[in-house]
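A.B. asks: Could you have a look at this structure, given as structure tokens, before my questions?
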Amino acid sequence: MIKEIEILIIGAGPAGLSAALSASSLGAKVLLCERDELPGGQLVKQTHKFFGSEKQHAGTRGFHIGKMLLDSANSDPNIEIWTDTTVLGIYPDGVITCEHDGRHCKIKPQRTIIATGAAEKFLTFPGNDLPGIYGAGAVQTLMNVGGIKPAERVLMVGAGNIGLIVSYQLKQADVEVAAVIEATPRIGGYLVHASKIRRAGIPIKTCYTILEAYGTDKLEGAKIAKIDANWQPIAGTEEDVKCDVICLAVGLTPLSELCWQAGCKMAFVRELSGHVPYVDSNLETSVPGLYCAGDVGGIEEASAAMVEGRLAGFSAAGSLGYGEGTAAAKQEEARAELTALRSGPMGEKIRLGQQKVAEMGSVK
């Protein structure tokens, strides 16, 4: 038996939930599939307050935003949510398969929005398979979702926003952060986050890398060193850092496997952190009726993912004839909001990445 639905959304993070609500607001029927037990994606573990404007919930903590979106979706009669559901494949006949309630299910949507998010990157170094080496997102989940103190003393690798935010949250959880090390000469995250952890007494060491992790049956410490302009360790700068956890905050990569399987036009865009699909101004891919929103199309903040979700939802519903006379205006409003979010020096990399994606449209 095949379940037919107007719009299928794969992934119930900030982009997926926002897409579902915007599509439903125009009258479309939506099925939202989420592989985890609790929808919300990264929002469920984000305890910090958001920046931006009132539209991006400025001043509200991430997990509160996730709850607001989920509560709205749960109370919407046009939205059906399947949790603990893994989407397995997208096929040429338009059928999408998933595992739901212990059964293999088939779905036939008229439109599909892929909002699968991203996965954490890892680093290769001697000893990186020791117990006690985690991605920053995993540590954040242990603390903020599971209520588990993940360590006594942590070495944080990476000074982007995730590394800085999680370092501060570790300090709040009474975990000592020995240092934050960053291979580049400049901190990658916002100054406000860096200033908070410096005030908390956590040193940030730029132009540093990890040489090795060591321990007998579990992590006991790490060797770090300063690096030169050619990214090579400088002799005599080695330091021994005692710690029981190394937290890797070295970036995310888009979870674009379903885009590949669907036959989307793809390209590696360094500024967007991996292989991403070509999308037009409505976030529709090269496969008609298939849209992408959020980190699957390039790594950004959750604020941008929510706005992209709204744009994809309005676009998909509008293409089905919903919101006649209003869908186009709502799409344009979302596009303007994205432009504002990506303005300024912090958005330069994203703008360049988006320009490269746009240029993909002219490539056969």
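Residue numbering restarts at 1 for every chain of the structure tokens, chains are lettered A, B, ... in their displayed order, and ligands are numbered from 1 as they appear.
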Just the residues within 7 Å of region 7-19 of chain A, please, counting only C-alpha atoms, with nothing from its chain fewer than 2 positions along; format it as a count of residues only.

C.D. replies: 35

A.B. asks: Using only C-alpha atoms, I'd like a table of the residues in region 120-234 of chain A that come within 12 Å of region 253-272 of chain A; for each, show the closest atom pair and its distance in Å rounded to one decimal, ordered by chain and ascending number, as JSON lines.

C.D. replies:
{"residue": "A:Glu120", "atom": "CA", "partner": "A:Thr253", "partner_atom": "CA", "distance": 6.4}
{"residue": "A:Lys121", "atom": "CA", "partner": "A:Thr253", "partner_atom": "CA", "distance": 6.5}
{"residue": "A:Phe122", "atom": "CA", "partner": "A:Thr253", "partner_atom": "CA", "distance": 10.2}

A.B. asks: Next, dump the selected residues to file, keeping only all heavy atoms, as an mmCIF file, in the first residue's frame.

C.D. replies:
data_model
loop_
_atom_site.group_PDB
_atom_site.id
_atom_site.type_symbol
_atom_site.label_atom_id
_atom_site.label_comp_id
_atom_site.auth_asym_id
_atom_site.auth_seq_id
_atom_site.Cartn_x
_atom_site.Cartn_y
_atom_site.Cartn_z
ATOM 1 N N GLU A 120 28.520 15.874 11.598
ATOM 2 C CA GLU A 120 29.777 16.432 12.080
ATOM 3 C C GLU A 120 30.969 15.845 11.335
ATOM 4 O O GLU A 120 31.004 14.660 11.018
ATOM 5 C CB GLU A 120 29.936 16.160 13.579
ATOM 6 C CG GLU A 120 28.945 16.905 14.433
ATOM 7 C CD GLU A 120 29.274 16.813 15.901
ATOM 8 O OE1 GLU A 120 28.943 15.790 16.520
ATOM 9 O OE2 GLU A 120 29.866 17.771 16.433
ATOM 10 N N LYS A 121 31.943 16.692 11.067
ATOM 11 C CA LYS A 121 33.202 16.237 10.486
ATOM 12 C C LYS A 121 34.108 15.684 11.594
ATOM 13 O O LYS A 121 33.909 15.965 12.775
ATOM 14 C CB LYS A 121 33.908 17.383 9.762
ATOM 15 C CG LYS A 121 33.177 17.866 8.519
ATOM 16 C CD LYS A 121 33.934 19.003 7.851
ATOM 17 C CE LYS A 121 33.223 19.479 6.594
ATOM 18 N NZ LYS A 121 33.927 20.620 5.953
ATOM 19 N N PHE A 122 35.116 14.912 11.176
ATOM 20 C CA PHE A 122 36.035 14.305 12.134
ATOM 21 C C PHE A 122 37.457 14.666 11.735
ATOM 22 O O PHE A 122 37.698 15.206 10.653
ATOM 23 C CB PHE A 122 35.827 12.786 12.154
ATOM 24 C CG PHE A 122 36.261 12.122 13.433
ATOM 25 C CD1 PHE A 122 35.614 12.398 14.622
ATOM 26 C CD2 PHE A 122 37.308 11.212 13.442
ATOM 27 C CE1 PHE A 122 35.995 11.788 15.805
ATOM 28 C CE2 PHE A 122 37.706 10.599 14.608
ATOM 29 C CZ PHE A 122 37.048 10.882 15.799
#

A.B. asks: Please report as CSV every residue of region 271-311 of chain A lying within 10 Å of region 341-348 of chain A, along with the nearest atom pair and their distance in Å (one decimal), using only C-alpha atoms.

C.D. replies:
residue,atom,partner,partner_atom,distance
A:Glu271,CA,A:Glu348,CA,9.3
A:Glu300,CA,A:Gly347,CA,9.2
A:Glu301,CA,A:Leu341,CA,9.5
A:Ser303,CA,A:Leu341,CA,8.2
A:Ala304,CA,A:Leu341,CA,6.9
A:Val307,CA,A:Leu341,CA,9.5

A.B. asks: Can I get the selection written as a PDB file, in the first residue's frame, with C-alpha atoms?

C.D. replies:
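Saved the output as again.pdb:
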ATOM      1  CA  GLU A 271      32.215  27.658   1.107  1.00  0.00           C
ATOM      2  CA  GLU A 300      24.559  28.081   8.054  1.00  0.00           C
ATOM      3  CA  GLU A 301      22.975  29.128  11.322  1.00  0.00           C
ATOM      4  CA  SER A 303      18.042  31.179  11.715  1.00  0.00           C
ATOM      5  CA  ALA A 304      18.844  30.837   8.019  1.00  0.00           C
ATOM      6  CA  VAL A 307      13.873  31.045   6.706  1.00  0.00           C
TER       7      VAL A 307
END

A.B. asks: Which residue, A:Thr141, A:Lys67, A:Ala73, A:Thr83, has the smallest gap to Ala20 (chain A) when you use only C-alpha atoms?

C.D. replies: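 Answer, going by the shortest atom-to-atom distance: A:Ala73.
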
A.B. asks: Would you please extract all helix (DSSP H, G or I) residues from region 51-217 of chain A, as assigned by DSSP on the backbone, and give them as JSON, numbers by chain?

C.D. replies: {"A": [54, 55, 56, 62, 63, 64, 65, 66, 67, 68, 69, 70, 71, 72, 73, 74, 136, 137, 138, 139, 140, 141, 142, 143, 144, 161, 162, 163, 164, 165, 166, 167, 168, 169, 170, 171, 172, 191, 192, 193, 194, 195, 196, 197, 198, 199]}

A.B. asks: Based on the selection just made, write N, CA and C atoms of those residues as a short mmCIF file (atom, residue, chain, number, x, y, z; two decimals), in the first residue's frame.

C.D. replies:
data_model
loop_
_atom_site.label_atom_id
_atom_site.label_comp_id
_atom_site.auth_asym_id
_atom_site.auth_seq_id
_atom_site.Cartn_x
_atom_site.Cartn_y
_atom_site.Cartn_z
N GLU A 54 13.23 39.92 15.23
CA GLU A 54 12.10 39.28 15.89
C GLU A 54 11.58 38.10 15.09
N LYS A 55 11.65 38.20 13.75
CA LYS A 55 11.20 37.10 12.90
C LYS A 55 12.04 35.84 13.11
N GLN A 56 13.32 36.02 13.46
CA GLN A 56 14.19 34.86 13.73
C GLN A 56 14.27 34.54 15.22
N GLY A 62 17.35 28.43 21.84
CA GLY A 62 17.09 27.52 20.74
C GLY A 62 16.07 26.44 21.05
N PHE A 63 16.17 25.82 22.24
CA PHE A 63 15.25 24.73 22.53
C PHE A 63 13.82 25.23 22.74
N HIS A 64 13.67 26.50 23.15
CA HIS A 64 12.33 27.08 23.24
C HIS A 64 11.75 27.32 21.84
N ILE A 65 12.61 27.72 20.91
CA ILE A 65 12.17 27.90 19.53
C ILE A 65 11.71 26.56 18.95
N GLY A 66 12.50 25.51 19.20
CA GLY A 66 12.13 24.19 18.72
C GLY A 66 10.78 23.74 19.26
N LYS A 67 10.55 24.02 20.54
CA LYS A 67 9.27 23.63 21.15
C LYS A 67 8.11 24.42 20.54
N MET A 68 8.32 25.70 20.30
CA MET A 68 7.26 26.51 19.69
C MET A 68 6.89 26.00 18.30
N LEU A 69 7.91 25.68 17.50
CA LEU A 69 7.66 25.17 16.16
C LEU A 69 6.94 23.82 16.22
N LEU A 70 7.41 22.94 17.12
CA LEU A 70 6.80 21.62 17.22
C LEU A 70 5.37 21.69 17.73
N ASP A 71 5.13 22.54 18.74
CA ASP A 71 3.77 22.69 19.25
C ASP A 71 2.83 23.18 18.16
N SER A 72 3.32 24.12 17.35
CA SER A 72 2.49 24.64 16.25
C SER A 72 2.20 23.54 15.23
N ALA A 73 3.21 22.72 14.92
CA ALA A 73 3.02 21.65 13.94
C ALA A 73 2.08 20.57 14.48
N ASN A 74 2.23 20.24 15.77
CA ASN A 74 1.37 19.20 16.36
C ASN A 74 -0.10 19.62 16.40
N ALA A 136 31.44 17.82 18.82
CA ALA A 136 30.87 18.83 19.72
C ALA A 136 29.36 18.67 19.86
N GLY A 137 28.70 18.30 18.78
CA GLY A 137 27.26 18.11 18.84
C GLY A 137 26.87 16.96 19.75
N ALA A 138 27.69 15.90 19.76
CA ALA A 138 27.41 14.77 20.65
C ALA A 138 27.53 15.17 22.10
N VAL A 139 28.56 15.95 22.42
CA VAL A 139 28.74 16.43 23.79
C VAL A 139 27.59 17.34 24.19
N GLN A 140 27.16 18.19 23.26
CA GLN A 140 26.04 19.09 23.53
C GLN A 140 24.76 18.31 23.79
N THR A 141 24.57 17.22 23.06
CA THR A 141 23.40 16.37 23.26
C THR A 141 23.44 15.70 24.63
N LEU A 142 24.60 15.18 25.00
CA LEU A 142 24.74 14.55 26.32
C LEU A 142 24.36 15.52 27.43
N MET A 143 24.85 16.75 27.33
CA MET A 143 24.60 17.74 28.37
C MET A 143 23.16 18.25 28.37
N ASN A 144 22.75 18.77 27.23
CA ASN A 144 21.53 19.56 27.17
C ASN A 144 20.27 18.77 26.90
N ASN A 161 31.62 28.92 15.80
CA ASN A 161 30.52 29.17 16.73
C ASN A 161 30.18 27.95 17.59
N ILE A 162 30.20 26.77 16.97
CA ILE A 162 29.85 25.57 17.74
C ILE A 162 30.88 25.33 18.83
N GLY A 163 32.16 25.41 18.50
CA GLY A 163 33.20 25.19 19.51
C GLY A 163 33.12 26.18 20.65
N LEU A 164 32.85 27.45 20.31
CA LEU A 164 32.78 28.49 21.34
C LEU A 164 31.54 28.32 22.22
N ILE A 165 30.41 28.07 21.59
CA ILE A 165 29.16 27.93 22.34
C ILE A 165 29.20 26.71 23.26
N VAL A 166 29.66 25.58 22.72
CA VAL A 166 29.71 24.36 23.54
C VAL A 166 30.73 24.51 24.67
N SER A 167 31.82 25.22 24.44
CA SER A 167 32.80 25.46 25.51
C SER A 167 32.14 26.22 26.67
N TYR A 168 31.34 27.22 26.35
CA TYR A 168 30.67 27.98 27.40
C TYR A 168 29.64 27.12 28.12
N GLN A 169 28.92 26.29 27.37
CA GLN A 169 27.94 25.41 27.99
C GLN A 169 28.61 24.35 28.86
N LEU A 170 29.79 23.89 28.47
CA LEU A 170 30.55 22.98 29.32
C LEU A 170 30.93 23.65 30.64
N LYS A 171 31.36 24.90 30.56
CA LYS A 171 31.70 25.66 31.77
C LYS A 171 30.47 25.79 32.67
N GLN A 172 29.30 26.03 32.07
CA GLN A 172 28.07 26.13 32.84
C GLN A 172 27.73 24.81 33.52
N LEU A 191 32.43 37.17 17.75
CA LEU A 191 33.22 37.74 18.83
C LEU A 191 32.49 37.66 20.17
N VAL A 192 31.16 37.81 20.15
CA VAL A 192 30.40 37.78 21.40
C VAL A 192 30.58 36.43 22.11
N HIS A 193 30.63 35.33 21.34
CA HIS A 193 30.83 34.01 21.95
C HIS A 193 32.26 33.85 22.47
N ALA A 194 33.23 34.33 21.68
CA ALA A 194 34.63 34.26 22.11
C ALA A 194 34.87 35.07 23.38
N SER A 195 34.25 36.25 23.45
CA SER A 195 34.43 37.11 24.62
C SER A 195 33.87 36.45 25.88
N LYS A 196 32.74 35.75 25.74
CA LYS A 196 32.13 35.09 26.91
C LYS A 196 33.05 34.02 27.49
N ILE A 197 33.66 33.22 26.63
CA ILE A 197 34.49 32.15 27.19
C ILE A 197 35.84 32.68 27.68
N ARG A 198 36.30 33.77 27.07
CA ARG A 198 37.53 34.37 27.60
C ARG A 198 37.29 34.96 28.98
N ARG A 199 36.12 35.58 29.15
CA ARG A 199 35.78 36.11 30.48
C ARG A 199 35.65 34.99 31.50
#

A.B. asks: Report, in Å to a single decimal, how far apart CA of Tyr278 (chain A) and CA of Val296 (chain A) are.

C.D. replies: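 Going from CA of Val296 (chain A) over to CA of Tyr278 (chain A), I get 11.1 Å.
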
A.B. asks: Separation of CA of Val250 (chain A) and CA of Gly158 (chain A), in Å?

C.D. replies: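 Computed distance, CA of Val250 (chain A) to CA of Gly158 (chain A), equals 5.3 Å.
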
A.B. asks: Applying 10 Å and only C-alpha atoms, which residues near Met360 (chain A) remain after dropping the ones on its own chain fewer than 2 positions away? List them as a PDB file with N, CA, C and O atoms, in the first residue's frame.

C.D. replies:
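Output file result_13.pdb follows:
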ATOM      1  N   LYS A 265      21.329  17.706  -9.685  1.00  0.00           N
ATOM      2  CA  LYS A 265      22.608  18.264 -10.118  1.00  0.00           C
ATOM      3  C   LYS A 265      23.378  18.686  -8.872  1.00  0.00           C
ATOM      4  O   LYS A 265      22.882  19.459  -8.050  1.00  0.00           O
ATOM      5  N   MET A 266      24.596  18.161  -8.709  1.00  0.00           N
ATOM      6  CA  MET A 266      25.365  18.374  -7.486  1.00  0.00           C
ATOM      7  C   MET A 266      26.731  18.959  -7.811  1.00  0.00           C
ATOM      8  O   MET A 266      27.266  18.774  -8.903  1.00  0.00           O
ATOM      9  N   ALA A 267      27.328  19.633  -6.832  1.00  0.00           N
ATOM     10  CA  ALA A 267      28.695  20.132  -6.977  1.00  0.00           C
ATOM     11  C   ALA A 267      29.309  20.309  -5.596  1.00  0.00           C
ATOM     12  O   ALA A 267      28.596  20.537  -4.612  1.00  0.00           O
ATOM     13  N   PRO A 277      23.251  20.411  -3.614  1.00  0.00           N
ATOM     14  CA  PRO A 277      22.484  20.408  -4.856  1.00  0.00           C
ATOM     15  C   PRO A 277      22.308  21.818  -5.414  1.00  0.00           C
ATOM     16  O   PRO A 277      22.259  22.794  -4.661  1.00  0.00           O
ATOM     17  N   TYR A 278      22.204  21.896  -6.722  1.00  0.00           N
ATOM     18  CA  TYR A 278      21.793  23.157  -7.327  1.00  0.00           C
ATOM     19  C   TYR A 278      20.338  23.425  -6.956  1.00  0.00           C
ATOM     20  O   TYR A 278      19.489  22.529  -7.018  1.00  0.00           O
ATOM     21  N   VAL A 279      20.040  24.645  -6.557  1.00  0.00           N
ATOM     22  CA  VAL A 279      18.655  25.066  -6.316  1.00  0.00           C
ATOM     23  C   VAL A 279      18.445  26.419  -6.966  1.00  0.00           C
ATOM     24  O   VAL A 279      19.370  27.229  -7.065  1.00  0.00           O
ATOM     25  N   ASP A 280      17.211  26.659  -7.414  1.00  0.00           N
ATOM     26  CA  ASP A 280      16.892  27.965  -7.988  1.00  0.00           C
ATOM     27  C   ASP A 280      16.442  28.913  -6.884  1.00  0.00           C
ATOM     28  O   ASP A 280      16.566  28.606  -5.689  1.00  0.00           O
ATOM     29  N   GLN A 354      26.697  30.687  -2.316  1.00  0.00           N
ATOM     30  CA  GLN A 354      25.412  30.788  -2.988  1.00  0.00           C
ATOM     31  C   GLN A 354      25.581  31.246  -4.437  1.00  0.00           C
ATOM     32  O   GLN A 354      24.852  30.804  -5.332  1.00  0.00           O
ATOM     33  N   GLN A 355      26.555  32.110  -4.674  1.00  0.00           N
ATOM     34  CA  GLN A 355      26.833  32.558  -6.040  1.00  0.00           C
ATOM     35  C   GLN A 355      27.294  31.386  -6.899  1.00  0.00           C
ATOM     36  O   GLN A 355      26.879  31.247  -8.062  1.00  0.00           O
ATOM     37  N   LYS A 356      28.130  30.529  -6.334  1.00  0.00           N
ATOM     38  CA  LYS A 356      28.602  29.354  -7.078  1.00  0.00           C
ATOM     39  C   LYS A 356      27.446  28.404  -7.381  1.00  0.00           C
ATOM     40  O   LYS A 356      27.389  27.804  -8.459  1.00  0.00           O
ATOM     41  N   VAL A 357      26.525  28.248  -6.418  1.00  0.00           N
ATOM     42  CA  VAL A 357      25.352  27.402  -6.659  1.00  0.00           C
ATOM     43  C   VAL A 357      24.520  27.982  -7.798  1.00  0.00           C
ATOM     44  O   VAL A 357      24.042  27.244  -8.683  1.00  0.00           O
ATOM     45  N   ALA A 358      24.338  29.309  -7.800  1.00  0.00           N
ATOM     46  CA  ALA A 358      23.553  29.946  -8.849  1.00  0.00           C
ATOM     47  C   ALA A 358      24.190  29.729 -10.214  1.00  0.00           C
ATOM     48  O   ALA A 358      23.493  29.505 -11.223  1.00  0.00           O
ATOM     49  N   SER A 362      23.632  27.338 -15.060  1.00  0.00           N
ATOM     50  CA  SER A 362      23.957  27.531 -16.467  1.00  0.00           C
ATOM     51  C   SER A 362      24.852  26.413 -17.010  1.00  0.00           C
ATOM     52  O   SER A 362      25.214  26.434 -18.190  1.00  0.00           O
ATOM     53  N   VAL A 363      25.225  25.459 -16.162  1.00  0.00           N
ATOM     54  CA  VAL A 363      26.100  24.360 -16.576  1.00  0.00           C
ATOM     55  C   VAL A 363      25.246  23.163 -16.977  1.00  0.00           C
ATOM     56  O   VAL A 363      24.404  22.703 -16.207  1.00  0.00           O
ATOM     57  N   LYS A 364      25.441  22.658 -18.174  1.00  0.00           N
ATOM     58  CA  LYS A 364      24.676  21.512 -18.663  1.00  0.00           C
ATOM     59  C   LYS A 364      25.120  20.237 -17.954  1.00  0.00           C
ATOM     60  O   LYS A 364      26.276  20.063 -17.666  1.00  0.00           O
TER      61      LYS A 364
END

A.B. asks: One decimal, in Å: what's the spacing between CA of Val241 (chain A) and CA of Glu212 (chain A)?

C.D. replies: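 Computing the Euclidean distance for CA of Val241 (chain A) and CA of Glu212 (chain A) yields 10.6 Å.
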
A.B. asks: Pick out the closest residue to Met1 (chain A) from this set: A:Ile350, A:Arg153, A:Cys105, A:Glu332. Count only C-alpha atoms.

C.D. replies: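 So, comparing all the options, the nearest one is A:Cys105.
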
A.B. asks: Can you tell me, as a list in words, what residues are no more than 9 Å from Ala328 (chain A) when counting only C-alpha atoms, ignoring any on the same chain fewer than 5 positions away?

C.D. replies: Phe314, Ser315, Gly318, Gly323 and Glu333 of chain A
